[in-house]
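As structure tokens, the structure follows; a few thoughts come after it.
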Amino acid sequence: MATTSSRPQKRWDTRRTAKAERLRAGAAHCDGKVVERGRLKDLLQNVVRPGDRVALEGDNQKQADYLSRTLADCDPERINKLHMLISSVSRSEHLDLFERGIATKLDLAYAGPQSVRIAQLVDDGTVQIGAIHTYVELYARMFVDLAPDVVLLCADKADRDGNLYTGANTEDTPTIAEAGAFHDGVVIVQANEIVGSEELPRVDIPGSWVDYVVAADRPFFLEPLFTRDPRHIGDVEILKAMIAIRGVYERHEVVSLNHGIGFDTAAIELLLPTYGEQLGLRGRIAKHWVLNPHPTMIPAIESGWVESIYSFGGESGMNRYAAARPDVFFNGADGSLRSNRVLGQLAGQYAVDMFIGSSLQIDGDANSSTVTDGRLSGFGGAPNMGHDPHGRRHSTPAWLELARGEGASRRGRKLVVALAPTFRAGGVPTFVETLDAVYVGKQAGMPLPPVMIYGDDVSHVVTEEGVAYLYKAHSLADRRDALAAIAGVTPVGRRAEARRTEALRRDGLVAFPEDLEVETRLANRSLLAARSIEDLVAWSGGLYEPPSQFRDW
């Protein structure tokens, strides 16, 4: 038997040694941890190596855009074959990296603004997709098989020792920083400004996690992703909101919830202080939220509907308002909002009674996806929150109402609600026989179709036609027929048979507006608590400061 002393000696510090060598190579381009703005490109070209796995922030809203622009301008002879980990592929230079030959492989969660371009680059082989993840899934893998060699982050303020203040838009920064700092990755941070330590309002990330800081050429880009102008909410959105409030929120007394992005859910938020108040629902539903600071939530907050909101990130123009409502928002001792995307996703997965959101396509089995032909938009956090987590153990009335099983196998169920119009803009059907994602997945060589939410997780579907209570179905045929009954004249809806639909209504698997006592004649804009961005500013007492593109007064 070989003894320990006779075995070849194995190195256990190769990553640490490699990082030390990188830091030595970067030392000539910085003063301590501070990189001069004009020397950032040189630093990157000496610290980043071909084939590196690079985590770039790319959050849902907050972008390390100075770092991404500079990396995209590097010499592809020196930096190439990078494997990029970008949760939100939102900027043109994210894909310039691939067109210039600096990067070849991409793992992502969302690609809204770049969804068409990324689909084209995947088609021509310029971008190799590792996987389309949920946010939590991608960050979790950074602690398992996707540990980054280099991390590129952004912060509001930094001091010369690398201590960071992230402010209201903390989002994903602590999680990605930790994945790099504790597995010998190089952590580089752009800050809006570098200040004295005494000028940091609070320390969100300690300097021991950070290797380099650089003052950016301008404040990091922040997209107002969750701002919806009430002027664009029409009668159809209002009708769907009324149906959802009566047929889901009231019926199940949903107390804790998450809203997906869109005008459909914004309409619900603006109907709570009006239609919800008429129904006597204040104090009974919608009290605890996992949600970005949606401006359309302001009237519900001011009307006393909301007890708490925990946020994934901030929202442009909402900082003063959130700071002035500490009973509702989770704020730091400095008064500013504290957000965290991973904790928000976990709260949205396990701690809420309901997730409600929309999709671009839904098939006859209630599978849904935002990946369509020519558009690879990704999923964001919807699959995290849009499923029934079997690890949940705490009970609430809404969760127990959907309970199933007997004895030790009995458990409750989370409400997962698809809220969608039967047709989208231009007469494009939302409900289709087969998701485009099936074809797109095959074309991109994916082992599975990029489905956002699987149909067997969906408990309800709401359209302007009514509600399908899929959780009540005794068979797959029942589910399909209930969904067809409220899918309008789409390819799925045309399968509905009048006699079968009437039987489903009698059995409670389908409810039309009249079954819910929803007066469709009231579904107009007069029901909205705010009908413009200007109205939202007024509701906030002037604390909401909307971005310039939303100001029309």
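In the structure tokens, each chain is lettered A, B, ... as it comes, each chain's residues begin at 1, and ligands are numbered from 1 in order of appearance.
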
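Once Leu415 in chain A and its same-chain neighbours fewer than 2 positions away are set aside, Asp353, Met354, Phe355, Asp388, Ala398, Trp399, Leu402, Arg413, Val417, Val458, Ser459 and His460 of chain A remain within 8 Å of it when counting only C-alpha atoms.
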
Enumerate, as JSON, numbers by chain, the complete set of residues in range 218-326 of chain A that a backbone-based DSSP assignment places in alpha helix (DSSP H).
{"A": [235, 236, 237, 238, 239, 240, 241, 242, 243, 244, 251, 252, 263, 264, 265, 266, 267, 268, 269, 270, 271, 277, 278, 298, 299, 300, 301, 302, 319, 320, 321, 322, 323]}

Quick one: residues within 12 Å of Arg251 in chain A, only C-alpha atoms counted, chain neighbours fewer than 5 positions away excluded, as a CSV table (one decimal) with C-alpha atoms, in the first residue's frame?
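Generated output (out_14.csv):
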```
chain,number,residue,atom,x,y,z
A,243,ILE,CA,-61.9,39.3,-12.9
A,244,ALA,CA,-58.6,38.5,-11.1
A,245,ILE,CA,-59.5,40.4,-8.0
A,246,ARG,CA,-62.9,38.7,-7.7
A,279,LEU,CA,-65.7,45.1,-2.4
A,281,LEU,CA,-61.3,43.7,0.6
A,284,ARG,CA,-58.3,40.9,3.8
A,285,ILE,CA,-56.0,40.6,0.8
A,397,PRO,CA,-55.4,29.8,4.4
A,398,ALA,CA,-54.8,30.4,0.7
A,401,GLU,CA,-57.4,25.9,0.3
A,402,LEU,CA,-55.6,24.3,-2.7
A,415,LEU,CA,-51.3,29.8,-6.3
A,467,VAL,CA,-61.0,32.2,-15.0
A,469,TYR,CA,-59.5,26.9,-12.1
A,511,ALA,CA,-66.0,31.1,-14.2
A,516,LEU,CA,-68.1,36.2,-10.5
```

Residues of range 89-180 of chain A classed as strand (DSSP E or B) by DSSP on the backbone are to be reported as a PDB file with all heavy atoms, in the first residue's frame.
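Result went into part13.pdb, see below:
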```
ATOM      1  N   ALA A 103     -15.689  36.919 -26.385  1.00  0.00           N
ATOM      2  CA  ALA A 103     -16.429  35.883 -25.659  1.00  0.00           C
ATOM      3  C   ALA A 103     -17.053  34.913 -26.656  1.00  0.00           C
ATOM      4  O   ALA A 103     -17.318  35.272 -27.817  1.00  0.00           O
ATOM      5  CB  ALA A 103     -17.504  36.507 -24.785  1.00  0.00           C
ATOM      6  N   THR A 104     -17.273  33.689 -26.197  1.00  0.00           N
ATOM      7  CA  THR A 104     -17.888  32.674 -27.063  1.00  0.00           C
ATOM      8  C   THR A 104     -19.105  32.013 -26.433  1.00  0.00           C
ATOM      9  O   THR A 104     -20.022  31.608 -27.138  1.00  0.00           O
ATOM     10  CB  THR A 104     -16.864  31.572 -27.412  1.00  0.00           C
ATOM     11  OG1 THR A 104     -16.335  31.026 -26.204  1.00  0.00           O
ATOM     12  CG2 THR A 104     -15.736  32.126 -28.264  1.00  0.00           C
ATOM     13  N   LYS A 105     -19.127  31.898 -25.100  1.00  0.00           N
ATOM     14  CA  LYS A 105     -20.198  31.150 -24.441  1.00  0.00           C
ATOM     15  C   LYS A 105     -20.920  32.047 -23.449  1.00  0.00           C
ATOM     16  O   LYS A 105     -20.306  32.909 -22.800  1.00  0.00           O
ATOM     17  CB  LYS A 105     -19.624  29.930 -23.711  1.00  0.00           C
ATOM     18  CG  LYS A 105     -20.677  28.969 -23.156  1.00  0.00           C
ATOM     19  CD  LYS A 105     -20.047  27.702 -22.604  1.00  0.00           C
ATOM     20  CE  LYS A 105     -21.104  26.719 -22.094  1.00  0.00           C
ATOM     21  NZ  LYS A 105     -20.491  25.474 -21.567  1.00  0.00           N
ATOM     22  N   LEU A 106     -22.245  31.829 -23.313  1.00  0.00           N
ATOM     23  CA  LEU A 106     -23.071  32.691 -22.472  1.00  0.00           C
ATOM     24  C   LEU A 106     -24.046  31.868 -21.648  1.00  0.00           C
ATOM     25  O   LEU A 106     -24.760  31.015 -22.179  1.00  0.00           O
ATOM     26  CB  LEU A 106     -23.858  33.667 -23.358  1.00  0.00           C
ATOM     27  CG  LEU A 106     -24.909  34.557 -22.679  1.00  0.00           C
ATOM     28  CD1 LEU A 106     -24.247  35.529 -21.704  1.00  0.00           C
ATOM     29  CD2 LEU A 106     -25.726  35.309 -23.725  1.00  0.00           C
ATOM     30  N   ASP A 107     -24.055  32.130 -20.350  1.00  0.00           N
ATOM     31  CA  ASP A 107     -25.128  31.658 -19.474  1.00  0.00           C
ATOM     32  C   ASP A 107     -25.880  32.877 -18.986  1.00  0.00           C
ATOM     33  O   ASP A 107     -25.267  33.843 -18.510  1.00  0.00           O
ATOM     34  CB  ASP A 107     -24.549  30.870 -18.292  1.00  0.00           C
ATOM     35  CG  ASP A 107     -24.203  29.445 -18.679  1.00  0.00           C
ATOM     36  OD1 ASP A 107     -25.095  28.589 -18.595  1.00  0.00           O
ATOM     37  OD2 ASP A 107     -23.045  29.200 -19.076  1.00  0.00           O
ATOM     38  N   LEU A 108     -27.205  32.863 -19.081  1.00  0.00           N
ATOM     39  CA  LEU A 108     -28.013  34.040 -18.804  1.00  0.00           C
ATOM     40  C   LEU A 108     -29.314  33.659 -18.131  1.00  0.00           C
ATOM     41  O   LEU A 108     -29.648  32.478 -18.010  1.00  0.00           O
ATOM     42  CB  LEU A 108     -28.306  34.812 -20.093  1.00  0.00           C
ATOM     43  CG  LEU A 108     -29.354  34.189 -21.050  1.00  0.00           C
ATOM     44  CD1 LEU A 108     -29.956  35.291 -21.938  1.00  0.00           C
ATOM     45  CD2 LEU A 108     -28.760  33.099 -21.915  1.00  0.00           C
ATOM     46  N   ALA A 109     -30.066  34.704 -17.711  1.00  0.00           N
ATOM     47  CA  ALA A 109     -31.408  34.502 -17.187  1.00  0.00           C
ATOM     48  C   ALA A 109     -32.439  35.287 -18.002  1.00  0.00           C
ATOM     49  O   ALA A 109     -33.574  34.853 -18.143  1.00  0.00           O
ATOM     50  CB  ALA A 109     -31.483  34.901 -15.713  1.00  0.00           C
ATOM     51  N   TYR A 110     -32.031  36.448 -18.529  1.00  0.00           N
ATOM     52  CA  TYR A 110     -32.995  37.344 -19.181  1.00  0.00           C
ATOM     53  C   TYR A 110     -32.255  38.139 -20.251  1.00  0.00           C
ATOM     54  O   TYR A 110     -31.081  38.468 -20.083  1.00  0.00           O
ATOM     55  CB  TYR A 110     -33.590  38.276 -18.123  1.00  0.00           C
ATOM     56  CG  TYR A 110     -34.523  39.342 -18.644  1.00  0.00           C
ATOM     57  CD1 TYR A 110     -35.773  39.007 -19.144  1.00  0.00           C
ATOM     58  CD2 TYR A 110     -34.168  40.681 -18.628  1.00  0.00           C
ATOM     59  CE1 TYR A 110     -36.645  39.988 -19.618  1.00  0.00           C
ATOM     60  CE2 TYR A 110     -35.026  41.674 -19.089  1.00  0.00           C
ATOM     61  CZ  TYR A 110     -36.264  41.316 -19.585  1.00  0.00           C
ATOM     62  OH  TYR A 110     -37.117  42.286 -20.047  1.00  0.00           O
ATOM     63  N   GLN A 128     -22.728  30.785 -28.118  1.00  0.00           N
ATOM     64  CA  GLN A 128     -23.082  29.441 -27.663  1.00  0.00           C
ATOM     65  C   GLN A 128     -23.768  29.577 -26.305  1.00  0.00           C
ATOM     66  O   GLN A 128     -23.184  30.093 -25.354  1.00  0.00           O
ATOM     67  CB  GLN A 128     -21.831  28.573 -27.520  1.00  0.00           C
ATOM     68  CG  GLN A 128     -22.120  27.175 -26.973  1.00  0.00           C
ATOM     69  CD  GLN A 128     -20.862  26.422 -26.612  1.00  0.00           C
ATOM     70  OE1 GLN A 128     -19.757  26.864 -26.917  1.00  0.00           O
ATOM     71  NE2 GLN A 128     -21.023  25.293 -25.947  1.00  0.00           N
ATOM     72  N   ILE A 129     -25.017  29.139 -26.214  1.00  0.00           N
ATOM     73  CA  ILE A 129     -25.777  29.244 -24.963  1.00  0.00           C
ATOM     74  C   ILE A 129     -25.459  28.044 -24.069  1.00  0.00           C
ATOM     75  O   ILE A 129     -25.603  26.895 -24.483  1.00  0.00           O
ATOM     76  CB  ILE A 129     -27.294  29.288 -25.233  1.00  0.00           C
ATOM     77  CG1 ILE A 129     -27.651  30.540 -26.053  1.00  0.00           C
ATOM     78  CG2 ILE A 129     -28.076  29.285 -23.910  1.00  0.00           C
ATOM     79  CD1 ILE A 129     -27.472  31.845 -25.336  1.00  0.00           C
ATOM     80  N   GLY A 130     -25.004  28.344 -22.845  1.00  0.00           N
ATOM     81  CA  GLY A 130     -24.866  27.272 -21.862  1.00  0.00           C
ATOM     82  C   GLY A 130     -26.232  26.836 -21.389  1.00  0.00           C
ATOM     83  O   GLY A 130     -26.627  25.681 -21.546  1.00  0.00           O
ATOM     84  N   ALA A 131     -26.996  27.798 -20.829  1.00  0.00           N
ATOM     85  CA  ALA A 131     -28.380  27.539 -20.421  1.00  0.00           C
ATOM     86  C   ALA A 131     -29.079  28.874 -20.207  1.00  0.00           C
ATOM     87  O   ALA A 131     -28.439  29.894 -19.941  1.00  0.00           O
ATOM     88  CB  ALA A 131     -28.433  26.703 -19.146  1.00  0.00           C
ATOM     89  N   ILE A 132     -30.398  28.849 -20.360  1.00  0.00           N
ATOM     90  CA  ILE A 132     -31.231  29.977 -19.939  1.00  0.00           C
ATOM     91  C   ILE A 132     -31.743  29.627 -18.553  1.00  0.00           C
ATOM     92  O   ILE A 132     -32.522  28.696 -18.384  1.00  0.00           O
ATOM     93  CB  ILE A 132     -32.397  30.207 -20.910  1.00  0.00           C
ATOM     94  CG1 ILE A 132     -31.882  30.428 -22.339  1.00  0.00           C
ATOM     95  CG2 ILE A 132     -33.220  31.413 -20.461  1.00  0.00           C
ATOM     96  CD1 ILE A 132     -32.986  30.521 -23.373  1.00  0.00           C
ATOM     97  N   VAL A 150     -13.314  35.938 -12.789  1.00  0.00           N
ATOM     98  CA  VAL A 150     -13.330  37.397 -12.683  1.00  0.00           C
ATOM     99  C   VAL A 150     -14.766  37.848 -12.487  1.00  0.00           C
ATOM    100  O   VAL A 150     -15.689  37.298 -13.107  1.00  0.00           O
ATOM    101  CB  VAL A 150     -12.742  38.068 -13.947  1.00  0.00           C
ATOM    102  CG1 VAL A 150     -12.797  39.589 -13.834  1.00  0.00           C
ATOM    103  CG2 VAL A 150     -11.299  37.609 -14.191  1.00  0.00           C
ATOM    104  N   VAL A 151     -14.953  38.834 -11.615  1.00  0.00           N
ATOM    105  CA  VAL A 151     -16.282  39.378 -11.335  1.00  0.00           C
ATOM    106  C   VAL A 151     -16.247  40.880 -11.605  1.00  0.00           C
ATOM    107  O   VAL A 151     -15.353  41.580 -11.134  1.00  0.00           O
ATOM    108  CB  VAL A 151     -16.667  39.107  -9.867  1.00  0.00           C
ATOM    109  CG1 VAL A 151     -17.852  39.940  -9.452  1.00  0.00           C
ATOM    110  CG2 VAL A 151     -16.955  37.633  -9.660  1.00  0.00           C
ATOM    111  N   LEU A 152     -17.210  41.371 -12.373  1.00  0.00           N
ATOM    112  CA  LEU A 152     -17.299  42.793 -12.726  1.00  0.00           C
ATOM    113  C   LEU A 152     -18.619  43.338 -12.190  1.00  0.00           C
ATOM    114  O   LEU A 152     -19.694  42.943 -12.642  1.00  0.00           O
ATOM    115  CB  LEU A 152     -17.231  42.962 -14.245  1.00  0.00           C
ATOM    116  CG  LEU A 152     -16.006  42.340 -14.947  1.00  0.00           C
ATOM    117  CD1 LEU A 152     -16.111  42.515 -16.452  1.00  0.00           C
ATOM    118  CD2 LEU A 152     -14.704  42.948 -14.433  1.00  0.00           C
ATOM    119  N   LEU A 153     -18.540  44.253 -11.227  1.00  0.00           N
ATOM    120  CA  LEU A 153     -19.702  44.723 -10.486  1.00  0.00           C
ATOM    121  C   LEU A 153     -19.802  46.240 -10.515  1.00  0.00           C
ATOM    122  O   LEU A 153     -18.895  46.934 -10.975  1.00  0.00           O
ATOM    123  CB  LEU A 153     -19.615  44.263  -9.029  1.00  0.00           C
ATOM    124  CG  LEU A 153     -19.467  42.766  -8.776  1.00  0.00           C
ATOM    125  CD1 LEU A 153     -19.215  42.499  -7.304  1.00  0.00           C
ATOM    126  CD2 LEU A 153     -20.702  42.025  -9.249  1.00  0.00           C
ATOM    127  N   CYS A 154     -20.923  46.749  -9.979  1.00  0.00           N
ATOM    128  CA  CYS A 154     -21.071  48.198  -9.854  1.00  0.00           C
ATOM    129  C   CYS A 154     -21.671  48.549  -8.501  1.00  0.00           C
ATOM    130  O   CYS A 154     -22.362  47.742  -7.871  1.00  0.00           O
ATOM    131  CB  CYS A 154     -21.919  48.780 -10.979  1.00  0.00           C
ATOM    132  SG  CYS A 154     -23.567  48.086 -11.150  1.00  0.00           S
ATOM    133  N   ALA A 155     -21.354  49.755  -8.046  1.00  0.00           N
ATOM    134  CA  ALA A 155     -21.838  50.256  -6.759  1.00  0.00           C
ATOM    135  C   ALA A 155     -22.036  51.755  -6.853  1.00  0.00           C
ATOM    136  O   ALA A 155     -21.503  52.418  -7.760  1.00  0.00           O
ATOM    137  CB  ALA A 155     -20.846  49.920  -5.645  1.00  0.00           C
ATOM    138  N   ASP A 156     -22.795  52.281  -5.920  1.00  0.00           N
ATOM    139  CA  ASP A 156     -23.027  53.718  -5.874  1.00  0.00           C
ATOM    140  C   ASP A 156     -21.755  54.444  -5.430  1.00  0.00           C
ATOM    141  O   ASP A 156     -21.270  55.354  -6.100  1.00  0.00           O
ATOM    142  CB  ASP A 156     -24.188  54.017  -4.918  1.00  0.00           C
ATOM    143  CG  ASP A 156     -24.632  55.464  -4.973  1.00  0.00           C
ATOM    144  OD1 ASP A 156     -23.903  56.301  -5.517  1.00  0.00           O
ATOM    145  OD2 ASP A 156     -25.723  55.761  -4.455  1.00  0.00           O
ATOM    146  N   LYS A 157     -21.201  54.005  -4.297  1.00  0.00           N
ATOM    147  CA  LYS A 157     -20.002  54.638  -3.748  1.00  0.00           C
ATOM    148  C   LYS A 157     -19.023  53.561  -3.288  1.00  0.00           C
ATOM    149  O   LYS A 157     -19.410  52.470  -2.875  1.00  0.00           O
ATOM    150  CB  LYS A 157     -20.348  55.548  -2.561  1.00  0.00           C
ATOM    151  CG  LYS A 157     -21.179  56.762  -2.900  1.00  0.00           C
ATOM    152  CD  LYS A 157     -21.502  57.577  -1.641  1.00  0.00           C
ATOM    153  CE  LYS A 157     -22.213  58.878  -1.964  1.00  0.00           C
ATOM    154  NZ  LYS A 157     -23.529  58.659  -2.589  1.00  0.00           N
ATOM    155  N   ALA A 158     -17.731  53.905  -3.340  1.00  0.00           N
ATOM    156  CA  ALA A 158     -16.680  53.043  -2.809  1.00  0.00           C
ATOM    157  C   ALA A 158     -15.644  53.927  -2.134  1.00  0.00           C
ATOM    158  O   ALA A 158     -15.474  55.091  -2.510  1.00  0.00           O
ATOM    159  CB  ALA A 158     -16.031  52.237  -3.924  1.00  0.00           C
ATOM    160  N   LEU A 164     -17.956  49.068  -0.128  1.00  0.00           N
ATOM    161  CA  LEU A 164     -18.960  49.497  -1.096  1.00  0.00           C
ATOM    162  C   LEU A 164     -20.276  49.863  -0.429  1.00  0.00           C
ATOM    163  O   LEU A 164     -20.739  49.182   0.488  1.00  0.00           O
ATOM    164  CB  LEU A 164     -19.236  48.369  -2.105  1.00  0.00           C
ATOM    165  CG  LEU A 164     -18.053  47.779  -2.861  1.00  0.00           C
ATOM    166  CD1 LEU A 164     -18.542  46.693  -3.814  1.00  0.00           C
ATOM    167  CD2 LEU A 164     -17.282  48.856  -3.623  1.00  0.00           C
ATOM    168  N   TYR A 165     -20.863  50.934  -0.965  1.00  0.00           N
ATOM    169  CA  TYR A 165     -22.252  51.291  -0.652  1.00  0.00           C
ATOM    170  C   TYR A 165     -23.031  51.099  -1.942  1.00  0.00           C
ATOM    171  O   TYR A 165     -22.768  51.752  -2.952  1.00  0.00           O
ATOM    172  CB  TYR A 165     -22.328  52.739  -0.175  1.00  0.00           C
ATOM    173  CG  TYR A 165     -23.735  53.305  -0.117  1.00  0.00           C
ATOM    174  CD1 TYR A 165     -24.661  52.833   0.803  1.00  0.00           C
ATOM    175  CD2 TYR A 165     -24.135  54.324  -0.996  1.00  0.00           C
ATOM    176  CE1 TYR A 165     -25.948  53.352   0.856  1.00  0.00           C
ATOM    177  CE2 TYR A 165     -25.412  54.851  -0.942  1.00  0.00           C
ATOM    178  CZ  TYR A 165     -26.316  54.365  -0.022  1.00  0.00           C
ATOM    179  OH  TYR A 165     -27.582  54.882   0.029  1.00  0.00           O
TER     180      TYR A 165
END
```

Of the candidates A:Gly38, A:Gly541, A:Gly488, A:Gly196, which shows the shortest atom-to-atom distance to Pro429 in chain A, using only C-alpha atoms?
A:Gly488

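Taking only C-alpha atoms, the non-local environment of His133 in chain A within 10 Å (same-chain residues fewer than 3 positions away omitted) comprises Ser87, Asp107, Leu108, Ala109, Tyr110, Gly130, Val136, Glu137, Leu138, Tyr139, Arg141, Gly378, Phe379, Gly380, Gly381, Pro383, Asn384, Pro450 and Met452 of chain A.
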
All heavy atoms of the current selection, written as a short mmCIF file (atom, residue, chain, number, x, y, z; two decimals), in the first residue's frame:
```
data_model
loop_
_atom_site.label_atom_id
_atom_site.label_comp_id
_atom_site.auth_asym_id
_atom_site.auth_seq_id
_atom_site.Cartn_x
_atom_site.Cartn_y
_atom_site.Cartn_z
N SER A 87 -26.66 37.80 -15.87
CA SER A 87 -28.05 37.47 -15.55
C SER A 87 -29.01 38.17 -16.50
O SER A 87 -29.97 37.59 -16.96
CB SER A 87 -28.36 37.83 -14.10
OG SER A 87 -28.30 39.22 -13.89
N ASP A 107 -24.05 32.13 -20.35
CA ASP A 107 -25.13 31.66 -19.47
C ASP A 107 -25.88 32.88 -18.99
O ASP A 107 -25.27 33.84 -18.51
CB ASP A 107 -24.55 30.87 -18.29
CG ASP A 107 -24.20 29.45 -18.68
OD1 ASP A 107 -25.10 28.59 -18.59
OD2 ASP A 107 -23.05 29.20 -19.08
N LEU A 108 -27.20 32.86 -19.08
CA LEU A 108 -28.01 34.04 -18.80
C LEU A 108 -29.31 33.66 -18.13
O LEU A 108 -29.65 32.48 -18.01
CB LEU A 108 -28.31 34.81 -20.09
CG LEU A 108 -29.35 34.19 -21.05
CD1 LEU A 108 -29.96 35.29 -21.94
CD2 LEU A 108 -28.76 33.10 -21.91
N ALA A 109 -30.07 34.70 -17.71
CA ALA A 109 -31.41 34.50 -17.19
C ALA A 109 -32.44 35.29 -18.00
O ALA A 109 -33.57 34.85 -18.14
CB ALA A 109 -31.48 34.90 -15.71
N TYR A 110 -32.03 36.45 -18.53
CA TYR A 110 -33.00 37.34 -19.18
C TYR A 110 -32.26 38.14 -20.25
O TYR A 110 -31.08 38.47 -20.08
CB TYR A 110 -33.59 38.28 -18.12
CG TYR A 110 -34.52 39.34 -18.64
CD1 TYR A 110 -35.77 39.01 -19.14
CD2 TYR A 110 -34.17 40.68 -18.63
CE1 TYR A 110 -36.64 39.99 -19.62
CE2 TYR A 110 -35.03 41.67 -19.09
CZ TYR A 110 -36.26 41.32 -19.59
OH TYR A 110 -37.12 42.29 -20.05
N GLY A 130 -25.00 28.34 -22.84
CA GLY A 130 -24.87 27.27 -21.86
C GLY A 130 -26.23 26.84 -21.39
O GLY A 130 -26.63 25.68 -21.55
N VAL A 136 -32.02 32.82 -9.56
CA VAL A 136 -31.46 32.07 -8.44
C VAL A 136 -30.63 30.89 -8.93
O VAL A 136 -29.58 30.56 -8.38
CB VAL A 136 -32.57 31.60 -7.49
CG1 VAL A 136 -32.04 30.65 -6.44
CG2 VAL A 136 -33.22 32.81 -6.80
N GLU A 137 -31.09 30.25 -9.98
CA GLU A 137 -30.38 29.11 -10.54
C GLU A 137 -28.99 29.51 -11.03
O GLU A 137 -27.99 28.84 -10.75
CB GLU A 137 -31.20 28.53 -11.69
CG GLU A 137 -30.62 27.31 -12.37
CD GLU A 137 -31.49 26.87 -13.53
OE1 GLU A 137 -32.38 27.64 -13.97
OE2 GLU A 137 -31.26 25.75 -14.01
N LEU A 138 -28.90 30.63 -11.75
CA LEU A 138 -27.61 31.08 -12.26
C LEU A 138 -26.67 31.44 -11.12
O LEU A 138 -25.50 31.04 -11.12
CB LEU A 138 -27.80 32.29 -13.18
CG LEU A 138 -26.52 32.89 -13.77
CD1 LEU A 138 -25.72 31.85 -14.55
CD2 LEU A 138 -26.85 34.09 -14.67
N TYR A 139 -27.17 32.17 -10.12
CA TYR A 139 -26.29 32.55 -9.00
C TYR A 139 -25.90 31.33 -8.18
O TYR A 139 -24.76 31.24 -7.70
CB TYR A 139 -26.98 33.59 -8.12
CG TYR A 139 -27.29 34.86 -8.88
CD1 TYR A 139 -28.52 35.49 -8.78
CD2 TYR A 139 -26.34 35.41 -9.73
CE1 TYR A 139 -28.80 36.63 -9.51
CE2 TYR A 139 -26.62 36.55 -10.47
CZ TYR A 139 -27.85 37.16 -10.35
OH TYR A 139 -28.13 38.28 -11.06
N ARG A 141 -25.37 28.37 -9.27
CA ARG A 141 -24.32 27.65 -10.00
C ARG A 141 -22.97 28.33 -9.88
O ARG A 141 -21.93 27.68 -10.06
CB ARG A 141 -24.71 27.48 -11.46
CG ARG A 141 -25.86 26.50 -11.69
CD ARG A 141 -26.05 26.23 -13.16
NE ARG A 141 -24.91 25.52 -13.73
CZ ARG A 141 -24.72 25.37 -15.05
NH1 ARG A 141 -25.59 25.89 -15.91
NH2 ARG A 141 -23.67 24.71 -15.49
N GLY A 378 -35.53 35.03 -22.55
CA GLY A 378 -35.23 34.48 -21.23
C GLY A 378 -36.41 34.60 -20.29
O GLY A 378 -37.51 35.02 -20.67
N PHE A 379 -36.17 34.26 -19.02
CA PHE A 379 -37.27 34.12 -18.07
C PHE A 379 -37.16 35.03 -16.85
O PHE A 379 -38.15 35.26 -16.15
CB PHE A 379 -37.35 32.68 -17.55
CG PHE A 379 -37.26 31.64 -18.61
CD1 PHE A 379 -36.39 30.57 -18.47
CD2 PHE A 379 -38.02 31.72 -19.76
CE1 PHE A 379 -36.30 29.58 -19.43
CE2 PHE A 379 -37.94 30.75 -20.74
CZ PHE A 379 -37.07 29.68 -20.57
N GLY A 380 -35.96 35.46 -16.50
CA GLY A 380 -35.80 36.21 -15.25
C GLY A 380 -36.11 35.33 -14.05
O GLY A 380 -35.62 34.22 -13.91
N GLY A 381 -36.97 35.84 -13.19
CA GLY A 381 -37.29 35.10 -11.96
C GLY A 381 -38.60 34.36 -12.00
O GLY A 381 -38.96 33.69 -11.02
N PRO A 383 -39.74 31.53 -13.32
CA PRO A 383 -39.80 30.11 -12.95
C PRO A 383 -39.52 29.87 -11.47
O PRO A 383 -40.01 28.88 -10.91
CB PRO A 383 -38.69 29.48 -13.82
CG PRO A 383 -38.51 30.43 -14.95
CD PRO A 383 -38.73 31.78 -14.37
N ASN A 384 -38.72 30.76 -10.81
CA ASN A 384 -38.51 30.61 -9.37
C ASN A 384 -39.81 30.76 -8.61
O ASN A 384 -40.14 29.97 -7.72
CB ASN A 384 -37.52 31.67 -8.85
CG ASN A 384 -36.10 31.39 -9.27
OD1 ASN A 384 -35.44 32.28 -9.79
ND2 ASN A 384 -35.62 30.19 -9.08
N PRO A 450 -37.01 25.70 -24.01
CA PRO A 450 -36.94 26.75 -22.97
C PRO A 450 -38.34 27.19 -22.52
O PRO A 450 -38.83 28.27 -22.86
CB PRO A 450 -36.19 27.88 -23.67
CG PRO A 450 -36.46 27.69 -25.12
CD PRO A 450 -36.60 26.21 -25.33
N MET A 452 -40.89 28.55 -19.77
CA MET A 452 -40.75 29.42 -18.61
C MET A 452 -41.45 28.83 -17.39
O MET A 452 -40.83 28.62 -16.35
CB MET A 452 -41.33 30.81 -18.92
CG MET A 452 -41.19 31.81 -17.77
SD MET A 452 -41.68 33.48 -18.23
CE MET A 452 -43.46 33.29 -18.41
#
```

What's around Thr173 in chain A at 9 Å? Count only C-alpha atoms, leave out sequence neighbours fewer than 2 positions away in its own chain, and write the answer as JSON, numbers by chain.
{"A": [57, 59, 153, 154, 155, 166, 169, 170, 171, 175, 176, 177, 178, 205, 340, 341]}

Requested write-out: C-alpha atoms of the selected residues, as a compact mmCIF listing (two decimals), in the first residue's frame:
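File written: again_22.txt
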```
# COMPACT_ATOMS: atom_id res chain seq x y z
CA GLU A 57 -23.42 42.63 -13.66
CA ASP A 59 -28.69 42.72 -13.25
CA LEU A 153 -19.70 44.72 -10.49
CA CYS A 154 -21.07 48.20 -9.85
CA ALA A 155 -21.84 50.26 -6.76
CA THR A 166 -24.72 49.86 -3.14
CA ASN A 169 -30.17 49.03 -6.01
CA THR A 170 -28.17 46.42 -4.17
CA GLU A 171 -29.81 43.73 -6.31
CA THR A 175 -24.14 37.39 -4.14
CA ILE A 176 -21.86 37.69 -7.17
CA ALA A 177 -19.15 39.37 -5.08
CA GLU A 178 -19.21 36.49 -2.60
CA ILE A 205 -19.99 44.91 0.93
CA ASN A 340 -31.47 41.85 -2.64
CA ARG A 341 -32.50 39.86 -5.67
```
